[in-house]
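Chemist: One file: protein32.txt (compact mmCIF, C-alpha atoms (C1' of nucleotides)).
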```txt
# COMPACT_ATOMS: atom_id res chain seq x y z
CA MET A 1 18.71 33.88 -18.38
CA ASN A 2 17.87 31.54 -15.50
CA THR A 3 15.95 34.20 -13.67
CA SER A 4 13.33 31.66 -12.68
CA LEU A 5 15.51 30.08 -10.04
CA ILE A 6 18.60 30.98 -8.08
CA TYR A 7 20.75 28.47 -6.25
CA GLU A 8 23.21 29.60 -3.60
CA LEU A 9 25.74 27.17 -2.20
CA LEU A 10 26.04 28.34 1.40
CA TYR A 11 28.34 25.83 3.00
CA LYS A 12 30.17 22.62 2.21
CA ASP A 13 30.75 19.91 4.79
CA LYS A 14 34.44 19.41 5.44
CA ARG A 15 34.44 15.63 5.53
CA THR A 16 31.74 14.64 3.04
CA LYS A 17 30.18 16.07 -0.09
CA ALA A 18 27.14 17.21 1.87
CA ARG A 19 26.20 20.79 1.16
CA ARG A 20 23.95 23.42 2.62
CA GLY A 21 22.21 25.60 0.07
CA ARG A 22 19.32 27.87 -0.72
CA ILE A 23 17.01 27.94 -3.72
CA THR A 24 15.00 31.03 -4.52
CA THR A 25 11.90 30.62 -6.66
CA PRO A 26 9.03 32.91 -7.64
CA HIS A 27 7.02 31.49 -4.75
CA GLY A 28 9.67 31.65 -2.10
CA VAL A 29 12.88 30.31 -0.70
CA ILE A 30 13.83 26.68 -0.15
CA GLU A 31 16.57 25.81 2.29
CA THR A 32 18.45 22.71 1.23
CA PRO A 33 18.90 19.81 1.69
CA VAL A 34 15.13 19.51 1.53
CA PHE A 35 12.54 16.78 1.59
CA MET A 36 9.58 17.52 -0.66
CA PRO A 37 6.19 15.92 0.11
CA VAL A 38 4.27 14.52 -2.83
CA GLY A 39 0.83 15.82 -3.74
CA THR A 40 0.20 14.00 -6.99
CA GLN A 41 -3.35 15.12 -7.69
CA ALA A 42 -2.92 18.68 -6.47
CA THR A 43 -3.27 17.62 -2.86
CA VAL A 44 -1.02 15.97 -0.33
CA LYS A 45 -3.32 13.11 0.53
CA ALA A 46 -5.19 13.48 3.84
CA MET A 47 -3.75 16.94 4.45
CA LYS A 48 -4.89 20.53 4.17
CA PRO A 49 -2.23 22.81 2.67
CA GLU A 50 -1.95 24.82 5.87
CA ASP A 51 -1.21 21.64 7.80
CA VAL A 52 1.38 20.59 5.26
CA GLU A 53 2.99 23.95 5.75
CA LYS A 54 2.94 23.55 9.52
CA THR A 55 5.04 20.40 9.22
CA GLY A 56 7.79 22.56 7.80
CA ALA A 57 7.35 21.63 4.15
CA GLN A 58 8.91 24.22 1.86
CA ILE A 59 7.85 22.84 -1.49
CA ILE A 60 5.56 20.09 -2.69
CA LEU A 61 5.22 18.01 -5.84
CA ALA A 62 2.33 17.59 -8.20
CA ASN A 63 2.02 15.37 -11.23
CA THR A 64 1.64 16.20 -14.90
CA TYR A 65 0.18 12.87 -15.96
CA HIS A 66 -2.50 12.81 -13.29
CA LEU A 67 -3.56 16.43 -13.66
CA PHE A 68 -3.47 16.15 -17.43
CA LEU A 69 -6.01 13.32 -17.28
CA ARG A 70 -8.06 14.93 -14.53
CA PRO A 71 -9.17 17.67 -14.32
CA GLY A 72 -7.15 18.74 -17.38
CA SER A 73 -4.46 21.40 -17.38
CA ASP A 74 -6.71 23.90 -19.15
CA ILE A 75 -8.98 23.94 -16.13
CA VAL A 76 -6.08 24.50 -13.78
CA ARG A 77 -4.86 27.31 -16.02
CA GLU A 78 -8.31 28.91 -16.05
CA ALA A 79 -8.41 28.58 -12.27
CA GLY A 80 -5.38 30.81 -12.15
CA GLY A 81 -2.68 28.17 -12.00
CA LEU A 82 -1.96 25.31 -9.66
CA HIS A 83 -0.91 27.40 -6.65
CA ARG A 84 -4.20 29.20 -6.63
CA PHE A 85 -6.24 26.16 -7.62
CA MET A 86 -5.01 24.13 -4.64
CA ASN A 87 -4.34 27.03 -2.29
CA TRP A 88 -0.63 26.36 -1.82
CA ASN A 89 1.41 29.51 -2.14
CA LYS A 90 4.85 28.11 -1.62
CA PRO A 91 6.93 26.55 -4.39
CA ILE A 92 5.61 23.64 -6.40
CA LEU A 93 7.57 21.15 -8.43
CA THR A 94 5.75 19.18 -11.10
CA ASP A 95 6.90 15.82 -12.28
CA SER A 96 6.67 15.42 -16.02
CA GLY A 97 4.81 12.15 -16.30
CA GLY A 98 8.07 10.37 -16.92
CA PHE A 99 7.63 8.23 -13.84
CA GLN A 100 4.29 6.99 -15.14
CA VAL A 101 6.13 5.72 -18.19
CA PHE A 102 7.70 3.37 -15.67
CA SER A 103 4.97 2.77 -13.09
CA LEU A 104 2.24 2.32 -15.70
CA GLY A 105 4.59 0.72 -18.17
CA HIS A 106 2.23 -2.10 -19.06
CA MET A 107 -0.32 0.41 -20.38
CA ASN A 108 2.14 2.40 -22.46
CA LYS A 109 3.74 2.36 -25.85
CA ILE A 110 6.96 4.31 -26.10
CA THR A 111 8.11 5.82 -29.37
CA GLU A 112 10.53 8.55 -30.35
CA GLU A 113 7.61 10.94 -30.52
CA GLY A 114 6.49 10.23 -26.98
CA VAL A 115 4.38 7.81 -24.99
CA ARG A 116 0.90 6.61 -25.83
CA PHE A 117 -0.99 5.97 -22.62
CA SER A 118 -4.13 4.14 -21.78
CA SER A 119 -5.66 6.19 -19.02
CA HIS A 120 -5.67 4.26 -15.76
CA ILE A 121 -8.96 6.01 -15.02
CA ASP A 122 -11.12 5.07 -17.98
CA GLY A 123 -8.84 3.39 -20.50
CA SER A 124 -9.03 6.28 -22.97
CA ARG A 125 -5.99 6.76 -25.19
CA HIS A 126 -3.67 9.74 -24.75
CA MET A 127 -0.29 10.92 -25.90
CA LEU A 128 2.31 12.46 -23.66
CA SER A 129 5.36 13.87 -25.36
CA PRO A 130 8.06 16.34 -24.36
CA GLU A 131 6.02 19.11 -25.96
CA LYS A 132 2.77 18.04 -24.33
CA SER A 133 4.40 17.66 -20.92
CA MET A 134 5.82 21.19 -21.20
CA GLU A 135 2.47 22.56 -22.28
CA VAL A 136 0.74 20.96 -19.32
CA GLN A 137 3.40 22.10 -16.87
CA ASN A 138 3.28 25.62 -18.30
CA ASP A 139 -0.47 25.57 -17.72
CA LEU A 140 0.04 24.36 -14.17
CA GLY A 141 2.53 27.13 -13.51
CA SER A 142 4.85 25.17 -11.25
CA ASP A 143 8.06 26.79 -10.05
CA ILE A 144 10.11 23.80 -11.08
CA MET A 145 9.22 21.69 -14.10
CA MET A 146 10.76 18.33 -14.78
CA ALA A 147 11.87 17.19 -18.19
CA PHE A 148 9.86 14.43 -19.79
CA ASP A 149 12.09 11.39 -19.50
CA GLU A 150 11.90 7.66 -19.67
CA CYS A 151 12.49 6.08 -16.29
CA ALA A 152 13.65 2.66 -17.41
CA PRO A 153 13.06 -0.46 -15.30
CA PRO A 154 16.06 -1.48 -13.17
CA ASN A 155 16.27 -4.89 -14.82
CA ALA A 156 16.42 -3.55 -18.38
CA THR A 157 19.33 -4.57 -20.56
CA ARG A 158 22.30 -2.31 -21.09
CA LYS A 159 21.32 -1.92 -24.70
CA TYR A 160 17.83 -0.80 -23.70
CA ILE A 161 19.11 1.57 -21.02
CA GLU A 162 21.56 3.10 -23.46
CA SER A 163 19.01 3.86 -26.16
CA SER A 164 16.51 4.98 -23.53
CA GLN A 165 19.04 7.37 -22.05
CA GLU A 166 19.86 8.77 -25.48
CA MET A 167 16.19 9.28 -26.22
CA THR A 168 15.72 11.03 -22.88
CA THR A 169 18.48 13.43 -23.93
CA ARG A 170 16.80 14.11 -27.26
CA TRP A 171 13.52 14.59 -25.43
CA LEU A 172 15.19 17.06 -23.09
CA LYS A 173 16.22 19.24 -26.04
CA ARG A 174 12.64 19.19 -27.24
CA CYS A 175 11.50 20.15 -23.72
CA VAL A 176 13.82 23.14 -23.72
CA ALA A 177 12.51 24.20 -27.12
CA ALA A 178 8.88 23.79 -26.12
CA HIS A 179 9.10 25.50 -22.74
CA LYS A 180 7.14 28.73 -23.03
CA ASN A 181 7.79 30.34 -19.67
CA PRO A 182 11.47 30.01 -18.75
CA ASP A 183 11.47 33.30 -16.86
CA ARG A 184 8.98 32.09 -14.26
CA GLN A 185 9.38 28.32 -14.35
CA ALA A 186 12.68 26.52 -14.01
CA LEU A 187 13.12 23.41 -16.13
CA PHE A 188 15.26 20.65 -14.62
CA GLY A 189 16.96 18.03 -16.75
CA ILE A 190 17.04 14.41 -15.64
CA MET A 191 20.06 12.15 -15.78
CA GLN A 192 19.38 8.55 -16.73
CA GLY A 193 21.67 5.67 -17.60
CA GLY A 194 20.66 2.97 -15.17
CA PHE A 195 23.49 1.46 -13.17
CA PHE A 196 26.13 1.93 -15.84
CA ARG A 197 28.66 4.56 -15.00
CA ASP A 198 29.66 5.36 -18.58
CA LEU A 199 26.02 5.83 -19.55
CA ARG A 200 25.48 8.12 -16.58
CA GLU A 201 28.53 10.11 -17.67
CA LYS A 202 27.21 10.36 -21.21
CA SER A 203 23.85 11.47 -19.94
CA ALA A 204 25.33 14.03 -17.57
CA SER A 205 27.57 15.59 -20.13
CA ALA A 206 24.75 15.90 -22.64
CA ILE A 207 22.23 17.43 -20.29
CA THR A 208 24.58 19.77 -18.46
CA ALA A 209 25.60 21.21 -21.81
CA LEU A 210 22.13 22.75 -21.95
CA ASP A 211 22.87 24.87 -18.88
CA LEU A 212 19.57 24.30 -17.13
CA PRO A 213 18.72 25.77 -13.70
CA GLY A 214 18.87 22.39 -11.99
CA TYR A 215 19.38 18.69 -12.53
CA ALA A 216 17.90 15.47 -11.26
CA ILE A 217 19.20 11.98 -10.99
CA GLY A 218 16.46 9.66 -12.15
CA GLY A 219 16.15 5.94 -12.56
CA ILE A 220 17.44 4.99 -9.12
CA SER A 221 15.46 3.89 -6.12
CA VAL A 222 13.21 1.95 -8.44
CA GLY A 223 13.51 -1.43 -6.75
CA GLU A 224 17.23 -2.15 -7.07
CA PRO A 225 19.35 -3.35 -4.13
CA LYS A 226 20.59 -0.59 -1.88
CA GLU A 227 24.23 -1.20 -2.88
CA GLU A 228 23.39 -0.35 -6.47
CA TYR A 229 21.63 2.80 -5.38
CA VAL A 230 24.62 3.90 -3.31
CA GLY A 231 26.88 2.82 -6.14
CA VAL A 232 25.34 5.42 -8.45
CA LEU A 233 25.48 8.07 -5.74
CA GLU A 234 29.23 7.52 -5.42
CA TYR A 235 29.80 9.31 -8.70
CA ALA A 236 26.57 10.66 -10.23
CA PRO A 237 26.15 13.91 -8.24
CA ASP A 238 29.72 14.85 -9.10
CA LEU A 239 28.81 14.74 -12.77
CA LEU A 240 26.42 17.65 -12.21
CA PRO A 241 27.38 21.32 -11.84
CA GLU A 242 28.23 22.45 -8.33
CA ASN A 243 26.36 25.70 -8.75
CA LYS A 244 23.01 24.10 -9.52
CA PRO A 245 20.61 22.19 -7.31
CA ARG A 246 20.77 18.41 -7.49
CA TYR A 247 17.69 16.34 -7.02
CA VAL A 248 17.37 12.60 -6.49
CA MET A 249 13.89 11.61 -7.45
CA GLY A 250 11.84 9.22 -5.37
CA ILE A 251 13.67 8.67 -2.10
CA GLY A 252 12.12 9.02 1.31
CA THR A 253 13.54 6.51 3.77
CA PRO A 254 16.03 8.08 6.17
CA ASP A 255 18.95 5.91 5.11
CA TYR A 256 18.46 6.74 1.43
CA ILE A 257 18.24 10.41 2.32
CA PHE A 258 21.42 10.36 4.40
CA GLU A 259 23.27 8.59 1.59
CA ALA A 260 22.08 11.10 -0.98
CA VAL A 261 22.94 14.14 1.12
CA GLU A 262 26.33 12.70 1.98
CA HIS A 263 27.07 12.51 -1.73
CA GLY A 264 26.03 16.06 -2.50
CA VAL A 265 22.32 15.90 -3.21
CA ASP A 266 20.07 18.83 -2.28
CA MET A 267 16.52 17.77 -3.00
CA PHE A 268 14.46 14.60 -2.70
CA ASP A 269 10.84 13.60 -2.70
CA CYS A 270 8.90 10.45 -1.97
CA VAL A 271 5.41 9.11 -1.40
CA GLU A 272 6.80 7.00 1.42
CA PRO A 273 5.80 9.16 4.41
CA THR A 274 2.29 9.85 3.17
CA ARG A 275 1.61 6.38 1.85
CA ILE A 276 2.86 4.39 4.82
CA ALA A 277 0.94 6.77 7.08
CA ARG A 278 -2.26 5.76 5.35
CA HIS A 279 -1.17 2.16 5.80
CA GLY A 280 -0.67 2.58 9.53
CA VAL A 281 3.08 3.10 9.82
CA ALA A 282 4.93 5.99 11.41
CA MET A 283 8.58 6.96 11.20
CA THR A 284 9.74 7.83 14.68
CA SER A 285 13.02 8.81 16.27
CA HIS A 286 13.35 5.20 17.46
CA GLY A 287 12.44 3.54 14.19
CA ARG A 288 9.29 2.57 12.41
CA VAL A 289 6.13 2.07 14.43
CA ASN A 290 3.36 -0.04 12.94
CA ILE A 291 0.42 1.42 14.80
CA LYS A 292 -1.71 -1.57 13.85
CA ASN A 293 0.26 -3.85 16.16
CA ALA A 294 -1.65 -5.33 19.07
CA LYS A 295 1.10 -4.28 21.46
CA TYR A 296 -0.03 -0.66 21.17
CA GLN A 297 -3.59 -1.40 22.24
CA ARG A 298 -2.94 -0.06 25.73
CA ASP A 299 0.04 2.16 24.98
CA PHE A 300 -1.07 5.57 26.19
CA GLY A 301 2.20 7.33 25.43
CA PRO A 302 2.80 9.52 22.40
CA LEU A 303 3.64 8.12 18.97
CA ASP A 304 7.11 9.66 19.18
CA PRO A 305 8.09 11.28 22.48
CA GLU A 306 10.68 13.40 20.70
CA CYS A 307 8.31 14.79 18.08
CA ASP A 308 6.62 18.16 18.27
CA CYS A 309 3.87 17.51 15.72
CA TYR A 310 0.18 17.91 16.41
CA ALA A 311 -0.44 14.16 16.62
CA CYS A 312 2.38 13.56 19.08
CA ARG A 313 1.45 16.50 21.25
CA ASN A 314 -2.19 15.51 21.62
CA TYR A 315 -2.80 11.82 21.10
CA SER A 316 -1.67 8.42 22.34
CA ARG A 317 -0.58 5.37 20.40
CA ALA A 318 -3.63 3.57 21.77
CA TYR A 319 -5.89 6.24 20.31
CA LEU A 320 -4.10 6.33 16.97
CA ARG A 321 -4.34 2.54 16.80
CA HIS A 322 -8.02 2.69 17.61
CA LEU A 323 -8.64 5.27 14.89
CA PHE A 324 -6.75 3.22 12.35
CA LYS A 325 -8.43 -0.06 13.21
CA ALA A 326 -11.78 1.69 13.09
CA GLY A 327 -11.01 2.94 9.59
CA GLU A 328 -11.27 6.56 10.59
CA THR A 329 -9.88 9.18 8.19
CA MET A 330 -8.47 11.01 11.18
CA SER A 331 -5.81 8.32 11.57
CA HIS A 332 -4.60 9.02 8.03
CA MET A 333 -4.49 12.71 8.76
CA LEU A 334 -2.61 12.39 12.03
CA LEU A 335 -0.10 9.80 10.83
CA THR A 336 0.54 11.70 7.60
CA GLU A 337 1.10 14.92 9.49
CA HIS A 338 3.49 13.15 11.80
CA ASN A 339 5.50 11.49 9.04
CA LEU A 340 5.81 14.74 7.11
CA ARG A 341 6.95 16.50 10.24
CA PHE A 342 9.43 13.71 10.85
CA LEU A 343 11.09 14.16 7.47
CA SER A 344 11.00 17.94 7.68
CA LYS A 345 12.61 17.73 11.08
CA LEU A 346 15.17 15.31 9.71
CA SER A 347 15.93 17.79 6.92
CA GLU A 348 16.29 20.59 9.46
CA ASP A 349 18.64 18.51 11.57
CA ILE A 350 20.68 17.63 8.50
CA ARG A 351 20.96 21.26 7.42
CA ARG A 352 22.09 22.34 10.86
CA SER A 353 24.56 19.48 11.13
CA ILE A 354 26.18 20.52 7.86
CA GLU A 355 26.50 24.10 9.03
CA GLU A 356 28.16 22.84 12.21
CA ASP A 357 30.33 20.24 10.48
CA ARG A 358 28.66 17.42 12.34
CA PHE A 359 26.84 15.71 9.50
CA LEU A 360 28.57 12.36 10.01
CA GLU A 361 27.92 12.51 13.73
CA LEU A 362 24.26 13.16 13.12
CA LYS A 363 24.10 10.29 10.67
CA GLU A 364 25.67 7.94 13.19
CA GLU A 365 23.39 9.07 16.02
CA PHE A 366 20.35 8.77 13.84
CA TYR A 367 21.20 5.31 12.56
CA SER A 368 21.83 3.91 16.02
CA LYS A 369 18.48 5.19 17.25
CA TYR A 370 16.39 4.53 14.16
CA TYR A 371 17.91 1.33 12.86
CA GLY A 372 19.55 0.11 16.04
C1' C B 373 -49.52 -26.70 19.60
C1' G B 374 -49.13 -26.73 14.00
C1' G B 375 -46.71 -25.15 9.32
C1' C B 376 -42.43 -23.31 6.81
C1' A B 377 -37.17 -22.05 6.63
C1' G B 378 -32.64 -22.74 8.80
C1' G B 379 -28.44 -24.54 12.20
C1' U B 380 -20.83 -24.78 8.52
C1' G B 381 -14.13 -21.33 11.84
C1' G B 382 -15.29 -14.83 16.08
C1' C B 383 -19.26 -12.94 12.41
C1' A B 384 -21.57 -13.48 7.53
C1' C B 385 -22.06 -16.74 3.72
C1' A B 386 -20.80 -21.03 -0.22
C1' G B 387 -20.84 -26.10 -0.95
C1' C B 388 -26.20 -30.26 -1.64
C1' G B 389 -22.85 -37.93 -2.29
C1' G B 390 -15.73 -37.94 -2.88
C1' C B 391 -14.14 -32.14 1.98
C1' G B 392 -8.47 -33.02 5.69
C1' A B 393 -14.50 -27.74 3.34
C1' C B 394 -14.97 -21.64 -0.80
C1' U B 395 -15.19 -16.54 -0.11
C1' G B 396 -15.76 -11.92 2.54
C1' C B 397 -15.31 -9.40 7.14
C1' A B 398 -13.04 -9.40 11.84
C1' G B 399 -8.17 -10.95 14.17
C1' G B 400 -2.40 -11.49 13.76
C1' C B 401 2.04 -10.04 10.99
C1' G B 402 4.62 -7.85 6.98
C1' G B 403 5.43 -4.74 2.61
C1' C B 404 5.10 -0.05 0.34
C1' U B 405 10.56 4.68 -2.78
C1' G B 406 9.49 11.06 -8.98
C1' U B 407 1.29 7.63 -5.85
C1' A B 408 -3.72 3.17 -10.63
C1' A B 409 -2.21 2.44 -3.28
C1' C B 410 -7.82 3.85 3.12
C1' C B 411 -3.51 -0.70 -1.21
C1' C B 412 -0.96 -5.41 -1.58
C1' G B 413 0.96 -10.02 0.52
C1' C B 414 1.17 -13.77 4.24
C1' U B 415 -1.36 -15.86 8.30
C1' C B 416 -5.83 -17.31 11.07
C1' A B 417 -6.20 -26.01 15.18
C1' C B 418 -2.36 -29.64 15.08
C1' A B 419 0.20 -32.59 12.26
C1' C B 420 4.53 -30.09 7.75
C1' A B 421 -0.74 -35.24 4.32
C1' G B 422 -0.85 -41.89 4.62
C1' A B 423 -4.43 -45.39 9.57
C1' A B 424 -5.57 -40.27 10.62
C1' A B 425 -7.53 -35.29 11.48
C1' C B 426 -11.68 -32.54 11.91
C1' A B 427 -15.53 -24.99 11.63
C1' C B 428 -20.40 -28.77 8.98
C1' G B 429 -26.39 -28.63 16.00
C1' U B 430 -26.97 -33.93 18.53
C1' A B 431 -27.83 -39.18 17.96
C1' G B 432 -28.77 -43.00 14.87
C1' G B 433 -29.36 -44.89 9.77
C1' U B 434 -28.60 -45.54 4.16
C1' U B 435 -23.87 -45.80 1.29
C1' C B 436 -17.54 -48.10 -0.94
C1' G B 437 -17.90 -43.05 0.74
C1' A B 438 -22.39 -38.03 4.12
C1' G B 439 -21.61 -31.14 5.63
C1' U B 440 -24.34 -32.99 1.47
C1' C B 441 -29.71 -38.35 1.58
C1' C B 442 -33.27 -40.59 5.61
C1' U B 443 -35.26 -40.68 10.86
C1' A B 444 -35.63 -38.70 15.68
C1' C B 445 -34.34 -35.08 18.92
C1' C B 446 -32.34 -30.10 20.38
C1' C B 447 -32.00 -25.07 19.10
C1' U B 448 -33.15 -20.34 15.98
C1' G B 449 -36.33 -17.35 12.85
C1' C B 450 -40.97 -16.39 10.35
C1' C B 451 -46.23 -17.56 9.80
C1' G B 452 -50.78 -19.51 11.89
C1' A B 453 -53.83 -21.06 16.08
```
Starting from the coordinates I provided, produce the structure as structure tokens.

Modeler:
Amino acid sequence: MNTSLIYELLYKDKRTKARRGRITTPHGVIETPVFMPVGTQATVKAMKPEDVEKTGAQIILANTYHLFLRPGSDIVREAGGLHRFMNWNKPILTDSGGFQVFSLGHMNKITEEGVRFSSHIDGSRHMLSPEKSMEVQNDLGSDIMMAFDECAPPNATRKYIESSQEMTTRWLKRCVAAHKNPDRQALFGIMQGGFFRDLREKSASAITALDLPGYAIGGISVGEPKEEYVGVLEYAPDLLPENKPRYVMGIGTPDYIFEAVEHGVDMFDCVEPTRIARHGVAMTSHGRVNIKNAKYQRDFGPLDPECDCYACRNYSRAYLRHLFKAGETMSHMLLTEHNLRFLSKLSEDIRRSIEEDRFLELKEEFYSKYYG
RNA sequence: CGGCAGGUGGCACAGCGGCGACUGCAGGCGGCUGUAACCCGCUCACACAGAAACACGUAGGUUCGAGUCCUACCCUGCCGA
């Protein structure tokens, strides 16, 4: 039945819930835990696909809402699907547009049927529903499709979160019914419920009953304090089946990644590395480096001496700073490539540490270098 | 030599009787979490406003009060000899 995706649990850490796994999709294998770069508009900003691949990326994201508005999923379908359209032949995961219900909330009207959007591009009115989201994602041909959910704001009332979570569950059933290509595209359900444990439990039990190929934890890392984020991780992954991949949506800082993995999460994505790169910030083995800072003006050493990426092997901080201050696109390219490599490398280190039962040691070493 | 137009923070501009003076860029610092993001925020003399400070070419003058009006001078640009 779930021929679209196979998850193998390879090894479980002895002291934490961290796990080493492998996902097989129609476009290839994904070793987990895995960080997935975001390529919203069918491109990882400032990067060519081959360079994304060189950083070690195994799978990237694209976005239903954005590609629905432009160029339109029919065009992508006619182009032969998203992989071919954007020349990325490894796995692709498409978000459903659910996050835009949250991030573009002020331009939306949510009803049981779906969400009426005002396009952020030209203001035109559109409807995104579970059925429409599935149709678009079927057109795109992604390996992993996300259910159309409502990602509620972190400060919403319990009452709101509860009804929102229930609607997300009803929407999930409609997604399952509308999905036209379950043999080639795996549909993941999304757990909601805010920061209320009983609502998370309700959500989990409802969505896992549908026996989907994978599950995500949504609605966290949306601006809440870190303690609340970790609070949900303490129990939420355990509410999901052990034999299916678990995905926390929207995390990309090392500490959030370590926390998620430690609690049994396999997949995560974030715009963080690509966005901060374009804003002049690099994640390095010794912490964040804001390349804009005047102190790097005459720093002719590499961005991160311990990194093996193209930028670190060939250019100095002084040069990267110059490029950024001069507004050169090259600085976006180099910093993005570096940050993606950094998180891929971090994922590799995490996977190896789990295999060797040294996950906690790695975490401690990393924290003292990065945050110390 | 004459005519005209100007001289305001590093640069470019606004203000044309109440200014301890707008905005942009540049500079400094910070933030970005399923991407409306090459974006956003703060800062850019000191004092944390009450007899002072000061980015309004200089010096006088008019006025309760002048970057703002008048006079002279010094610069700059354009035009004409």

Chemist: Taking 5 positions as the minimum chain separation for residues in the same chain, which residues sit within 10 Å of G381 (chain B) when counting all atoms listed in the file? Answer as a ChimeraX atom specification.

Modeler: /B:416-417,427

Chemist: Which residues are close to C426 (chain B), i.e. within 12 Å by all atoms listed in the file, leaving aside same-chain residues fewer than 6 positions away? Reply as a PyMOL selection string.

Modeler: chain B and resi 381+391-393+417-419+439

Chemist: Do me a favour and pick out the residues of chain A within 7 Å of chain B, using only C-alpha atoms (C1' of nucleotides), as a PDB file with C-alpha atoms, in the coordinates of the input.

Modeler:
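What ended up in iface.pdb:
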```pdb
ATOM      1  CA  THR A  40       0.200  14.000  -6.990  1.00  0.00           C
ATOM      2  CA  ASP A  95       6.900  15.820 -12.280  1.00  0.00           C
ATOM      3  CA  PHE A  99       7.630   8.230 -13.840  1.00  0.00           C
ATOM      4  CA  HIS A 120      -5.670   4.260 -15.760  1.00  0.00           C
ATOM      5  CA  SER A 221      15.460   3.890  -6.120  1.00  0.00           C
ATOM      6  CA  VAL A 222      13.210   1.950  -8.440  1.00  0.00           C
ATOM      7  CA  MET A 249      13.890  11.610  -7.450  1.00  0.00           C
ATOM      8  CA  GLY A 250      11.840   9.220  -5.370  1.00  0.00           C
ATOM      9  CA  ILE A 251      13.670   8.670  -2.100  1.00  0.00           C
ATOM     10  CA  GLY A 252      12.120   9.020   1.310  1.00  0.00           C
ATOM     11  CA  ASP A 269      10.840  13.600  -2.700  1.00  0.00           C
ATOM     12  CA  CYS A 270       8.900  10.450  -1.970  1.00  0.00           C
ATOM     13  CA  VAL A 271       5.410   9.110  -1.400  1.00  0.00           C
ATOM     14  CA  GLU A 272       6.800   7.000   1.420  1.00  0.00           C
ATOM     15  CA  ILE A 276       2.860   4.390   4.820  1.00  0.00           C
ATOM     16  CA  ARG A 278      -2.260   5.760   5.350  1.00  0.00           C
TER      17      ARG A 278
END
```

Chemist: What gap, in Å, lies between CA of Glu348 (chain A) and CA of Pro241 (chain A)?

Modeler: 24.0 Å

Chemist: Quick one, how far is CA of Leu362 (chain A) from CA of Asp266 (chain A)?

Modeler: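 Atom-to-atom, CA of Leu362 (chain A) to CA of Asp266 (chain A), that is 16.9 Å.
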
Chemist: Quote the spacing between CA of Gly218 (chain A) and CA of Gln41 (chain A) in Å to one decimal place.

Modeler: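 Interatomic distance here is 21.0 Å.
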
Chemist: Can you pull out the residues contacting Pro154 (chain A)? Cut-off 12 Å, using only C-alpha atoms (C1' of nucleotides), and skip same-chain residues under 4 positions away; I want them as a list in words.

Modeler: Phe102, Ser103, Glu150, Arg158, Tyr160, Ile161, Gln192, Gly193, Gly194, Phe195, Phe196, Gly218, Gly219, Ile220, Ser221, Val222, Gly223, Glu224, Pro225, Glu228 and Tyr229 of chain A

Chemist: Using all atoms listed in the file, list the residues that have an atom at most 10 Å from (6.1, 10.5, 6.6), coordinates as in the file, as a ChimeraX atom specification.

Modeler: /A:37,252-253,270-278,281-284,335-344

Chemist: Can you tell me which residues surround region 18-24 of chain A at a distance of at most 6 Å, considering all atoms listed in the file, apart from same-chain residues fewer than 3 positions away, and format the answer as a ChimeraX atom specification?

Modeler: /A:5-13,28-32,261-264

Chemist: Counting all atoms listed in the file, which residue out of A:Ala236, A:Leu346, A:Ala216, A:Met107 sits closest to Ala57 (chain A)?

Modeler: A:Leu346

Chemist: Find, counting only C-alpha atoms (C1' of nucleotides), the residue in B:G379, B:G390, B:G374, B:G422 that gets nearest to C447 (chain B).

Modeler: B:G379

Chemist: Which residues, protein or nucleic acid, reach to within 7 Å of (-18.9, -14.4, 7.2) in the file's coordinates when using all atoms listed in the file, and can you give that as a PyMOL selection string?

Modeler: chain B and resi 383-385+396-397

Chemist: Any idea what's packed within 10 Å of Trp171 (chain A), counting all atoms listed in the file, ignoring anything in its chain fewer than 5 positions away? Could you give it as a list in words?

Modeler: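 Skipping anything fewer than 5 positions along the chain leaves Glu112, Glu113, Gly114, Ser129, Pro130, Glu131, Ala147, Phe148, Asp149, Glu150, Gln165, Glu166, Val176, Ala177 and Gly189 of chain A.
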
Chemist: Just the selected residues (C-alpha atoms), exported as a PDB file, in the coordinates of the input, please.

Modeler:
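This is the output file out.pdb:
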```pdb
ATOM      1  CA  GLU A 112      10.530   8.550 -30.350  1.00  0.00           C
ATOM      2  CA  GLU A 113       7.610  10.940 -30.520  1.00  0.00           C
ATOM      3  CA  GLY A 114       6.490  10.230 -26.980  1.00  0.00           C
ATOM      4  CA  SER A 129       5.360  13.870 -25.360  1.00  0.00           C
ATOM      5  CA  PRO A 130       8.060  16.340 -24.360  1.00  0.00           C
ATOM      6  CA  GLU A 131       6.020  19.110 -25.960  1.00  0.00           C
ATOM      7  CA  ALA A 147      11.870  17.190 -18.190  1.00  0.00           C
ATOM      8  CA  PHE A 148       9.860  14.430 -19.790  1.00  0.00           C
ATOM      9  CA  ASP A 149      12.090  11.390 -19.500  1.00  0.00           C
ATOM     10  CA  GLU A 150      11.900   7.660 -19.670  1.00  0.00           C
ATOM     11  CA  GLN A 165      19.040   7.370 -22.050  1.00  0.00           C
ATOM     12  CA  GLU A 166      19.860   8.770 -25.480  1.00  0.00           C
ATOM     13  CA  VAL A 176      13.820  23.140 -23.720  1.00  0.00           C
ATOM     14  CA  ALA A 177      12.510  24.200 -27.120  1.00  0.00           C
ATOM     15  CA  GLY A 189      16.960  18.030 -16.750  1.00  0.00           C
TER      16      GLY A 189
END
```

Chemist: Looking at all atoms listed in the file, which of A:Asp255, A:Gly327, A:Cys309, A:His126 is the one that sits closest to Lys345 (chain A)?

Modeler: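 Counting all atoms listed in the file, the residue closest to Lys345 (chain A) is A:Cys309.
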
Chemist: For G437 (chain B), which residue among B:C451, B:C373, B:G389, B:G413 is the nearest when counting all atoms listed in the file?

Modeler: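 Among the listed residues, the smallest separation from G437 (chain B) belongs to B:G389.
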